[in-house]
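Participant: My structure is below; once you've seen it, I'll send some questions.
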Amino acid sequence: MTQQAAADSSLSSVISARDLDLTFQTNDGPVQALSSVNLEVGKGDFVSFIGPSGCGKTTFLRVMADLEHPTGGSVTINGVSPENARKARAYGYVFQAAGLYPWRTIGGNIRLPLEIMGYSKTEQSERVARVLELVELAGFEKKYPWQLSGGMQQRASIARALAFDADILLMDEPFGALDEIVRDHLNEQLLALWARTQKTICFVTHSIPEAVYLSTRIVVMSPRPGRIADVIESPLPRERPLDIRDTPEFLEVAHRVREGLRAGHAYD
Ligand SMILES: Nc1ncnc2c1ncn2[C@@H]1O[C@H](COP(=O)(O)OP(=O)(O)OP(=O)(O)O)[C@@H](O)[C@H]1O
């Protein structure tokens, strides 16, 4: 890509990574978690990151969220640095574990960041009600986390990430700990939420079917050093019933992801 073309594409990108490097200094020597990563994420994209353990998926997401700092190259979110994007509340972040405070109700958990930011009580209540509706948990506001199933807790943590109504949602393997049936259901609900809200979503997963079912683009990563091995544009329509997973188009994309993973895997 020429410099001008790169500049043009980053203007229309919500997330833009340019020659991104991140090397951790550890007692065992340097670990290259990310090496020469280039990626443009467009508005409304659903981008999944898939790859073996240690290929830098979480690190990449944490760089976008200003939780790690690159040692080379740059990332912009809505055209600004991750630090400024964080200050502007440009994204919500969903962690692997729901991470809800057990002594607060579901509503109280979602309300907490809004309280800290000084939103009025009325605004807090409106936002809590709206995001609970979005994740189909209306009526559960006064329950405590332990009164909810694992899947419902994870939905509550998605609701918390949606509370600021950011256009970008960063999700780090949010459904990894759930059984397959619950996961299928949450995948369907997440797609419905994405269609309704038109957010841009970056989603880390270890599951090929999950990545293919959810994404408009799949970023296949490989380890040592962590880098992008392939970027697959999905030919699947945005409207996706679960049984799309049995279609030849779906299986073809899954096959390409598997090939990408195999090519990048050292098997050591
Ligand atoms: N804070 C840190 N200090 C030192 N090394 C780190 C740190 N965070 C991550 N790493 C290393 O960077 C590499 C990438 O880690 P990362 O967690 O991003 O991988 P991942 O693809 O998300 O893995 P997983 O699928 O297991 O979550 C790994 O080798 C990891 O050990």
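Just remember, in the structure tokens the first chain shown is A, the second B, etc., residues are 1-based per chain, and ligands are 1-based in the order shown.
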Which residues are near Glu249 (chain A)? Cut-off 10 Å, only C-alpha atoms, ignore same chain within fewer than 4 positions. Put them as a list in words.
Facilitator: Ser234, Pro235, Leu236, Ile244, Arg245, Val253, Ala254 and His255 of chain A
Participant: Could the residues that lie within 6 Å of ligand 1, counting only C-alpha atoms and all ligand atoms, be listed as a ChimeraX atom specification?
Facilitator: /A:24,26,33,52-59
Participant: Could you please write out, as a ChimeraX atom specification, every residue of region 8-91 of chain A that DSSP assigns to helix (DSSP H, G or I)?
Facilitator: /A:8-12,57-64,82-87
Participant: I need the residue nearest Val94 (chain A) from this list: A:Gln153, A:Thr216, A:Thr247, A:Ser16. Use only C-alpha atoms for the distance.
Facilitator: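 Result for the nearest residue to Val94 (chain A): A:Gln153.
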Participant: Find the spatial neighbours of region 162-166 of chain A, counting only C-alpha atoms, within a cut-off of 8 Å - ignore same-chain residues fewer than 3 positions away - and output them as a PyMOL selection string.
Facilitator: chain A and resi 89-92+110-111+114+127-128+131+158-159+169
Participant: When you draw a straight line from CA of Gly264 (chain A) to CA of Asp243 (chain A), how long is it in Å?
Facilitator: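 Those two atoms sit 29.3 Å apart.
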Participant: Using only C-alpha atoms, can you tell me which of A:Ser120, A:Gln154, A:Asn78, A:Asn84 comes closest to Gly99 (chain A)?
Facilitator: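 Residue with the minimum atom-to-atom distance to Gly99 (chain A): A:Gln154.
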Participant: Which residues come within 10 Å of Ala177 (chain A), counting only C-alpha atoms, excluding same-chain residues fewer than 2 positions away, as a PyMOL selection string?
Facilitator: chain A and resi 96-97+150-151+154+173-175+179-180+183
Participant: Determine the nearest neighbour of Asp184 (chain A) from the options A:Asp167, A:Glu141, A:Glu210, A:Glu136, counting only C-alpha atoms.
Facilitator: A:Glu210
Participant: Rounded to one decimal place, report the CA of Gln32 (chain A)-CA of Val212 (chain A) distance in Å.
Facilitator: 27.5 Å
Participant: Report the residues of region 182-261 of chain A whose backbone DSSP state falls under strand (DSSP E or B), written as number ranges by chain.
Facilitator: A: 200-205, 217-222, 227-233
Participant: Quick one: of A:Val220, A:Leu61, A:Leu186, A:Leu39, who's nearest to Val135 (chain A), counting only C-alpha atoms?
Facilitator: A:Leu186
Participant: Could you list, as a list in words, every residue within 9 Å of Ala229 (chain A), counting only C-alpha atoms and ignoring same-chain residues fewer than 4 positions away?
Facilitator: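 The residues satisfying every condition are Val219, Val220, Met221, Ser222, Gly260, Leu261, Ala263 and Gly264 of chain A.
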Participant: Give the answer as one residue: which of A:Thr76, A:Thr197, A:Gln189, A:Asn38 has the shortest atom-to-atom distance to Met152 (chain A), using only C-alpha atoms?
Facilitator: A:Gln189
Participant: Would you mind telling me which residue in A:Val80, A:Val47, A:Ala129, A:Ala156 lies nearest to Tyr101 (chain A) when using only C-alpha atoms?
Facilitator: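 Of A:Val80, A:Val47, A:Ala129, A:Ala156, the one nearest Tyr101 (chain A) is A:Ala156, counting only C-alpha atoms.
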Participant: Provide the CA of Glu83 (chain A) to CA of Val63 (chain A) distance in Å, to one decimal place.
Facilitator: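 Taking CA of Glu83 (chain A) as the start and CA of Val63 (chain A) as the end point, the length is 9.7 Å.
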